[in-house]
Amino acid sequence: MHSSIVANEASAPARPAWRAVWSLGLGVFGLIVAEFLPASLLTPMAASLGVSEGVAGQSVTATALVALVTGLLITPATKSIDRRWVLMFFSVLQIVSSLLVAFAPSLEVLLSGRLLLGVAIGGFWAMSTATAMRLVPASDVPKALAIIFSGVSIATVVAAPLGSYLGSLIGWRNVFILCVVPSALALLWQLWVLPSMRPENSGSLGTLVRVLRRPGMVGGLLATILIFSGHFAFFTYLRPFLETVGQVSVETISLILLGFGVANFVGTSIAGHLLARNLRLTLALVPLAMGMLALLMVAFGHLALVDGLLVSLWGFAFGLVPVGWSTWLATTVTDEAESAGGLMVASIQLAISAGAAGGGAVFDLNGASGVFTASGVLLVAAMVMVFAGVRVKPVTAE
């Protein structure tokens with residue numbers, strides 16, 4: 001299945017630069033591993049820094065807020081810089097960020113490291129589709145994007161369970177030091193294989209406003225915000241929930257998170273088939289299912305086996321979310337994909353910020369069960385928004 005993606009024929013190369021594409025896939029793997037690690041290490045991080053888990057969860061918020069701004073501003077801010085160097089700079093930022101977090105003597109230093117990571121994540125996602133269009137011919141763009149996005153799926157499988165397990169063996173700080181390795185390898189690889197890519201346009205905030213005014217665009221972005229807010233409220237405080245409500249061990253938490261990651265990978269893999277059958281129905285039913293799962297966790301969270309099953313089902317459902325909304329974007333705004341991508345990045349990062357920040361406040365007031373109840377309500381609201389305010393065009397299948 002190919003989404004309707006329009007590439008700039010003039011800038012597309014005659015031959016695909018697959019090694020460059022794979023180097024970007026490794027780079028995004030490093031970025032996403034670093035982004036997800038606090039979810040599996042929140043408890044020991046909070047204890048080490050002498051703060052509550054709700055406060056430590058703001059390390060996720062800090063990353064997302066900066067990624068929000070960076071996603072919107074990266075194109076005009078780097079309008080005169082070769083994209084090759086900009087992309088490699090993101091890997092450098094991840095390395096510096098992870099080292100700052102690993103050696104942070106205080107929450108303030110840790111947050112500064114997470115801010116740098118936010119710049120790298122927001123910038124990379126805003127430029128990813130446009131970069132793929134310049135590395136391969138137009139007909140190969142969907143395959144190139146699939147390779148780059150595979151770094152996210154693999155990081156989802158690896159980061160949470162491995163982070164939780166290694167954290168119990170070598171400590172959370174050493175886990176962040178290990179996190180430097182994939183980005184260091186990606187940086188060296190990118191230095192070798194990435195071609196020069198001169199910026200083609202300066203971009204503008206005016207273009208973003210024009211895209212935002214298109215019919216159905218605001219509804220789609222609002223639905224995205226509700227879904228990602230609900231997910232990250234759930235995921236950021238999953239470990240404290242499993243420890244306090246489920247009373248499970250660190251080893252069991254690692255297994256549950258592994259189940260989440262594997263199921264997420266499966267969901268991502270079959271997303272194309274479901275979206276080709278009925279895009280609107282898939283976009284609506286996925287948040288409804290996630291909302292029901294969150295509420296079931298509140299009701300039956302004291303049963304560890306049920307927790308494992310529900311978290312895996314959540315991982316499967318969420319695997320459909322990024323692919324689904326990227327497909328919606330590609331079929332809705334084919335002529336301004338880069339600007340629309342910046343808006344989508346900003347919306348998702350705003351949602352992550354709201355989910356983590358709001359979740360932290362609710363956690364400190366009502367515990368993890370309160371967070372999961374709020375998450376369920378947000379996700380059901382997202383389903384309503386899809387039916388009420390989102391315009392969907394058919395997916396172009398091949």
# chains A, B, ... in the order shown; residues from 1 in each chain; ligands from 1

call {"tool": "residues_around", "arguments": {"residues": "A:Ala381", "least_positions_apart": "6", "cutoff": "10 Å", "atoms": "only C-alpha atoms", "output": "PyMOL selection string"}}
result
chain A and resi 223+226-227+230+284+287-288+291+375

call {"tool": "select_by_dssp", "arguments": {"residues": "stretch 131-298 of chain A", "states": "helix (DSSP H, G or I)", "output": "number ranges by chain"}}
result
A: 131-135, 138-170, 172-178, 180-193, 205-212, 217-236, 238-244, 250-277, 279-298

call {"tool": "closest_residue", "arguments": {"among": "A:Ala357, A:Trp328, A:Gly151, A:Ala263", "to": "A:Phe29", "atoms": "only C-alpha atoms"}}
result
A:Gly151

call {"tool": "residues_around", "arguments": {"residues": "A:Ser23", "least_positions_apart": "2", "cutoff": "8 Å", "atoms": "only C-alpha atoms", "output": "list in words"}}
result
Arg19, Ala20, Val21, Gly25, Leu26, Gly27, Ala186, Trp189, Gln190 and Val193 of chain A

call {"tool": "write_last_selection", "arguments": {"atoms": "all heavy atoms", "output": "PDB file, in the first residue's frame"}}
result
ATOM      1  N   ARG A  19      21.950   3.491   1.539  1.00  0.00           N
ATOM      2  CA  ARG A  19      22.795   3.521   2.734  1.00  0.00           C
ATOM      3  C   ARG A  19      22.513   4.779   3.562  1.00  0.00           C
ATOM      4  O   ARG A  19      22.518   4.734   4.798  1.00  0.00           O
ATOM      5  CB  ARG A  19      24.274   3.470   2.339  1.00  0.00           C
ATOM      6  CG  ARG A  19      24.713   2.124   1.771  1.00  0.00           C
ATOM      7  CD  ARG A  19      26.221   2.083   1.555  1.00  0.00           C
ATOM      8  NE  ARG A  19      26.667   3.154   0.673  1.00  0.00           N
ATOM      9  CZ  ARG A  19      27.949   3.409   0.398  1.00  0.00           C
ATOM     10  NH1 ARG A  19      28.904   2.667   0.947  1.00  0.00           N
ATOM     11  NH2 ARG A  19      28.283   4.389  -0.420  1.00  0.00           N
ATOM     12  N   ALA A  20      22.257   5.888   2.881  1.00  0.00           N
ATOM     13  CA  ALA A  20      21.918   7.124   3.589  1.00  0.00           C
ATOM     14  C   ALA A  20      20.584   6.981   4.327  1.00  0.00           C
ATOM     15  O   ALA A  20      20.428   7.449   5.466  1.00  0.00           O
ATOM     16  CB  ALA A  20      21.861   8.293   2.611  1.00  0.00           C
ATOM     17  N   VAL A  21      19.627   6.323   3.676  1.00  0.00           N
ATOM     18  CA  VAL A  21      18.326   6.106   4.304  1.00  0.00           C
ATOM     19  C   VAL A  21      18.474   5.251   5.562  1.00  0.00           C
ATOM     20  O   VAL A  21      17.917   5.559   6.623  1.00  0.00           O
ATOM     21  CB  VAL A  21      17.353   5.443   3.309  1.00  0.00           C
ATOM     22  CG1 VAL A  21      16.054   5.038   4.013  1.00  0.00           C
ATOM     23  CG2 VAL A  21      17.039   6.384   2.148  1.00  0.00           C
ATOM     24  N   GLY A  25      17.685   5.806   9.622  1.00  0.00           N
ATOM     25  CA  GLY A  25      16.929   4.864  10.442  1.00  0.00           C
ATOM     26  C   GLY A  25      17.642   4.569  11.755  1.00  0.00           C
ATOM     27  O   GLY A  25      17.016   4.507  12.818  1.00  0.00           O
ATOM     28  N   LEU A  26      18.981   4.397  11.694  1.00  0.00           N
ATOM     29  CA  LEU A  26      19.752   4.171  12.921  1.00  0.00           C
ATOM     30  C   LEU A  26      19.737   5.418  13.793  1.00  0.00           C
ATOM     31  O   LEU A  26      19.639   5.335  15.021  1.00  0.00           O
ATOM     32  CB  LEU A  26      21.194   3.781  12.569  1.00  0.00           C
ATOM     33  CG  LEU A  26      22.130   3.534  13.758  1.00  0.00           C
ATOM     34  CD1 LEU A  26      21.588   2.436  14.655  1.00  0.00           C
ATOM     35  CD2 LEU A  26      23.539   3.197  13.271  1.00  0.00           C
ATOM     36  N   GLY A  27      19.817   6.583  13.161  1.00  0.00           N
ATOM     37  CA  GLY A  27      19.787   7.833  13.917  1.00  0.00           C
ATOM     38  C   GLY A  27      18.488   8.010  14.674  1.00  0.00           C
ATOM     39  O   GLY A  27      18.482   8.393  15.853  1.00  0.00           O
ATOM     40  N   ALA A 186      25.521   6.155  14.320  1.00  0.00           N
ATOM     41  CA  ALA A 186      24.751   6.824  13.259  1.00  0.00           C
ATOM     42  C   ALA A 186      25.494   8.045  12.748  1.00  0.00           C
ATOM     43  O   ALA A 186      25.527   8.305  11.535  1.00  0.00           O
ATOM     44  CB  ALA A 186      23.371   7.222  13.786  1.00  0.00           C
ATOM     45  N   TRP A 189      28.300   6.962  10.476  1.00  0.00           N
ATOM     46  CA  TRP A 189      27.732   6.422   9.233  1.00  0.00           C
ATOM     47  C   TRP A 189      27.214   7.553   8.348  1.00  0.00           C
ATOM     48  O   TRP A 189      27.435   7.579   7.139  1.00  0.00           O
ATOM     49  CB  TRP A 189      26.632   5.433   9.590  1.00  0.00           C
ATOM     50  CG  TRP A 189      26.217   4.527   8.466  1.00  0.00           C
ATOM     51  CD1 TRP A 189      26.754   4.459   7.194  1.00  0.00           C
ATOM     52  CD2 TRP A 189      25.169   3.554   8.493  1.00  0.00           C
ATOM     53  NE1 TRP A 189      26.116   3.514   6.449  1.00  0.00           N
ATOM     54  CE2 TRP A 189      25.130   2.939   7.222  1.00  0.00           C
ATOM     55  CE3 TRP A 189      24.269   3.141   9.471  1.00  0.00           C
ATOM     56  CZ2 TRP A 189      24.217   1.923   6.908  1.00  0.00           C
ATOM     57  CZ3 TRP A 189      23.366   2.138   9.161  1.00  0.00           C
ATOM     58  CH2 TRP A 189      23.340   1.543   7.893  1.00  0.00           C
ATOM     59  N   GLN A 190      26.508   8.504   8.968  1.00  0.00           N
ATOM     60  CA  GLN A 190      25.964   9.635   8.207  1.00  0.00           C
ATOM     61  C   GLN A 190      27.072  10.490   7.613  1.00  0.00           C
ATOM     62  O   GLN A 190      26.951  10.998   6.494  1.00  0.00           O
ATOM     63  CB  GLN A 190      25.049  10.466   9.104  1.00  0.00           C
ATOM     64  CG  GLN A 190      23.741   9.772   9.474  1.00  0.00           C
ATOM     65  CD  GLN A 190      23.025  10.412  10.645  1.00  0.00           C
ATOM     66  OE1 GLN A 190      23.465  11.435  11.169  1.00  0.00           O
ATOM     67  NE2 GLN A 190      21.935   9.801  11.088  1.00  0.00           N
ATOM     68  N   VAL A 193      28.025   8.514   4.417  1.00  0.00           N
ATOM     69  CA  VAL A 193      27.102   8.208   3.322  1.00  0.00           C
ATOM     70  C   VAL A 193      26.119   9.314   2.957  1.00  0.00           C
ATOM     71  O   VAL A 193      25.542   9.283   1.853  1.00  0.00           O
ATOM     72  CB  VAL A 193      26.297   6.915   3.618  1.00  0.00           C
ATOM     73  CG1 VAL A 193      27.238   5.735   3.784  1.00  0.00           C
ATOM     74  CG2 VAL A 193      25.403   7.083   4.850  1.00  0.00           C
TER      75      VAL A 193
END

call {"tool": "residues_around", "arguments": {"residues": "A:Leu115", "least_positions_apart": "3", "cutoff": "12 Å", "atoms": "only C-alpha atoms", "output": "number ranges by chain"}}
result
A: 34-35, 58-70, 93-94, 96-98, 100-101, 108-112, 118-122

call {"tool": "residues_around", "arguments": {"residues": "A:Ala354", "least_positions_apart": "4", "cutoff": "8 Å", "atoms": "only C-alpha atoms", "output": "list in words"}}
result
Thr61, Ser229, Leu350, Gly358 and Gly359 of chain A

call {"tool": "write_last_selection", "arguments": {"atoms": "N, CA, C and O atoms", "output": "short mmCIF file (atom, residue, chain, number, x, y, z; two decimals), in the first residue's frame"}}
result
data_model
loop_
_atom_site.label_atom_id
_atom_site.label_comp_id
_atom_site.auth_asym_id
_atom_site.auth_seq_id
_atom_site.Cartn_x
_atom_site.Cartn_y
_atom_site.Cartn_z
N THR A 61 8.08 15.99 29.57
CA THR A 61 7.45 17.25 29.17
C THR A 61 8.46 18.21 28.55
O THR A 61 8.20 18.84 27.53
N SER A 229 -2.01 12.69 23.82
CA SER A 229 -2.07 13.06 25.23
C SER A 229 -2.49 11.87 26.08
O SER A 229 -1.89 11.57 27.12
N LEU A 350 3.02 18.79 21.55
CA LEU A 350 2.12 19.46 22.50
C LEU A 350 1.35 18.41 23.30
O LEU A 350 1.17 18.54 24.51
N GLY A 358 0.09 16.88 32.59
CA GLY A 358 -1.21 16.64 33.23
C GLY A 358 -1.21 15.34 34.01
O GLY A 358 -1.76 15.26 35.12
N GLY A 359 -0.57 14.31 33.43
CA GLY A 359 -0.48 13.03 34.12
C GLY A 359 0.27 13.15 35.44
O GLY A 359 -0.11 12.54 36.45
#

call {"tool": "closest_residue", "arguments": {"among": "A:Gly167, A:Gly267, A:Pro16, A:Gly389", "to": "A:Ser312", "atoms": "only C-alpha atoms"}}
result
A:Gly267

call {"tool": "residues_around", "arguments": {"residues": "A:Gly219", "least_positions_apart": "5", "cutoff": "8 Å", "atoms": "only C-alpha atoms", "output": "ChimeraX atom specification"}}
result
/A:385-386,389-390

call {"tool": "atom_distance", "arguments": {"atom1": "atom CA of A:Trp325", "atom2": "atom CA of A:Thr373"}}
result
24.1 Å

call {"tool": "atom_distance", "arguments": {"atom1": "atom CA of A:Ser40", "atom2": "atom CA of A:Ser254"}}
result
8.4 Å

call {"tool": "closest_residue", "arguments": {"among": "A:Trp314, A:Phe372, A:Phe149, A:Trp192", "to": "A:Met88", "atoms": "only C-alpha atoms"}}
result
A:Trp192

call {"tool": "closest_residue", "arguments": {"among": "A:Ser106, A:Asn264, A:Ser168, A:Ser183", "to": "A:Val92", "atoms": "only C-alpha atoms"}}
result
A:Ser183

call {"tool": "closest_residue", "arguments": {"among": "A:Phe103, A:Phe300, A:Phe387, A:Trp125", "to": "A:Ile74", "atoms": "only C-alpha atoms"}}
result
A:Trp125

call {"tool": "closest_residue", "arguments": {"among": "A:Gly376, A:Gly30, A:Gly261, A:Pro44", "to": "A:Ile170", "atoms": "only C-alpha atoms"}}
result
A:Pro44

call {"tool": "residues_around", "arguments": {"residues": "A:Leu258", "least_positions_apart": "3", "cutoff": "8 Å", "atoms": "only C-alpha atoms", "output": "MDAnalysis selection string"}}
result
chainID A and resid 157:158 160:161 254:255 261:262

call {"tool": "write_last_selection", "arguments": {"atoms": "all heavy atoms", "output": "PDB file, in the first residue's frame"}}
result
ATOM      1  N   VAL A 157      10.291  -1.494  20.856  1.00  0.00           N
ATOM      2  CA  VAL A 157      10.461  -2.853  21.362  1.00  0.00           C
ATOM      3  C   VAL A 157      11.607  -2.916  22.364  1.00  0.00           C
ATOM      4  O   VAL A 157      11.525  -3.570  23.403  1.00  0.00           O
ATOM      5  CB  VAL A 157      10.722  -3.836  20.199  1.00  0.00           C
ATOM      6  CG1 VAL A 157      11.054  -5.228  20.736  1.00  0.00           C
ATOM      7  CG2 VAL A 157       9.521  -3.903  19.274  1.00  0.00           C
ATOM      8  N   VAL A 158      12.698  -2.208  22.072  1.00  0.00           N
ATOM      9  CA  VAL A 158      13.936  -2.349  22.841  1.00  0.00           C
ATOM     10  C   VAL A 158      13.986  -1.439  24.063  1.00  0.00           C
ATOM     11  O   VAL A 158      14.360  -1.873  25.168  1.00  0.00           O
ATOM     12  CB  VAL A 158      15.154  -2.071  21.931  1.00  0.00           C
ATOM     13  CG1 VAL A 158      16.427  -1.966  22.754  1.00  0.00           C
ATOM     14  CG2 VAL A 158      15.285  -3.157  20.876  1.00  0.00           C
ATOM     15  N   ALA A 160      12.019   0.368  26.328  1.00  0.00           N
ATOM     16  CA  ALA A 160      11.375   0.246  27.632  1.00  0.00           C
ATOM     17  C   ALA A 160      11.786  -1.022  28.390  1.00  0.00           C
ATOM     18  O   ALA A 160      12.251  -0.928  29.534  1.00  0.00           O
ATOM     19  CB  ALA A 160       9.860   0.321  27.474  1.00  0.00           C
ATOM     20  N   PRO A 161      11.655  -2.219  27.794  1.00  0.00           N
ATOM     21  CA  PRO A 161      12.025  -3.412  28.569  1.00  0.00           C
ATOM     22  C   PRO A 161      13.514  -3.498  28.872  1.00  0.00           C
ATOM     23  O   PRO A 161      13.914  -3.859  29.979  1.00  0.00           O
ATOM     24  CB  PRO A 161      11.570  -4.575  27.674  1.00  0.00           C
ATOM     25  CG  PRO A 161      11.498  -4.014  26.304  1.00  0.00           C
ATOM     26  CD  PRO A 161      11.099  -2.584  26.486  1.00  0.00           C
ATOM     27  N   SER A 254       9.598  -5.590  33.106  1.00  0.00           N
ATOM     28  CA  SER A 254      10.377  -5.697  31.874  1.00  0.00           C
ATOM     29  C   SER A 254       9.667  -6.584  30.857  1.00  0.00           C
ATOM     30  O   SER A 254       9.621  -6.263  29.665  1.00  0.00           O
ATOM     31  CB  SER A 254      11.777  -6.251  32.176  1.00  0.00           C
ATOM     32  OG  SER A 254      12.493  -5.389  33.025  1.00  0.00           O
ATOM     33  N   LEU A 255       9.093  -7.688  31.319  1.00  0.00           N
ATOM     34  CA  LEU A 255       8.369  -8.589  30.419  1.00  0.00           C
ATOM     35  C   LEU A 255       7.115  -7.924  29.863  1.00  0.00           C
ATOM     36  O   LEU A 255       6.796  -8.064  28.670  1.00  0.00           O
ATOM     37  CB  LEU A 255       7.988  -9.878  31.155  1.00  0.00           C
ATOM     38  CG  LEU A 255       9.129 -10.864  31.434  1.00  0.00           C
ATOM     39  CD1 LEU A 255       8.619 -12.027  32.286  1.00  0.00           C
ATOM     40  CD2 LEU A 255       9.720 -11.383  30.117  1.00  0.00           C
ATOM     41  N   GLY A 261       6.109  -3.639  23.417  1.00  0.00           N
ATOM     42  CA  GLY A 261       6.934  -3.319  22.253  1.00  0.00           C
ATOM     43  C   GLY A 261       6.708  -4.254  21.092  1.00  0.00           C
ATOM     44  O   GLY A 261       6.586  -3.826  19.939  1.00  0.00           O
ATOM     45  N   VAL A 262       6.638  -5.550  21.372  1.00  0.00           N
ATOM     46  CA  VAL A 262       6.420  -6.528  20.301  1.00  0.00           C
ATOM     47  C   VAL A 262       5.046  -6.318  19.670  1.00  0.00           C
ATOM     48  O   VAL A 262       4.892  -6.322  18.442  1.00  0.00           O
ATOM     49  CB  VAL A 262       6.561  -7.971  20.842  1.00  0.00           C
ATOM     50  CG1 VAL A 262       6.141  -8.991  19.790  1.00  0.00           C
ATOM     51  CG2 VAL A 262       8.001  -8.226  21.288  1.00  0.00           C
TER      52      VAL A 262
END
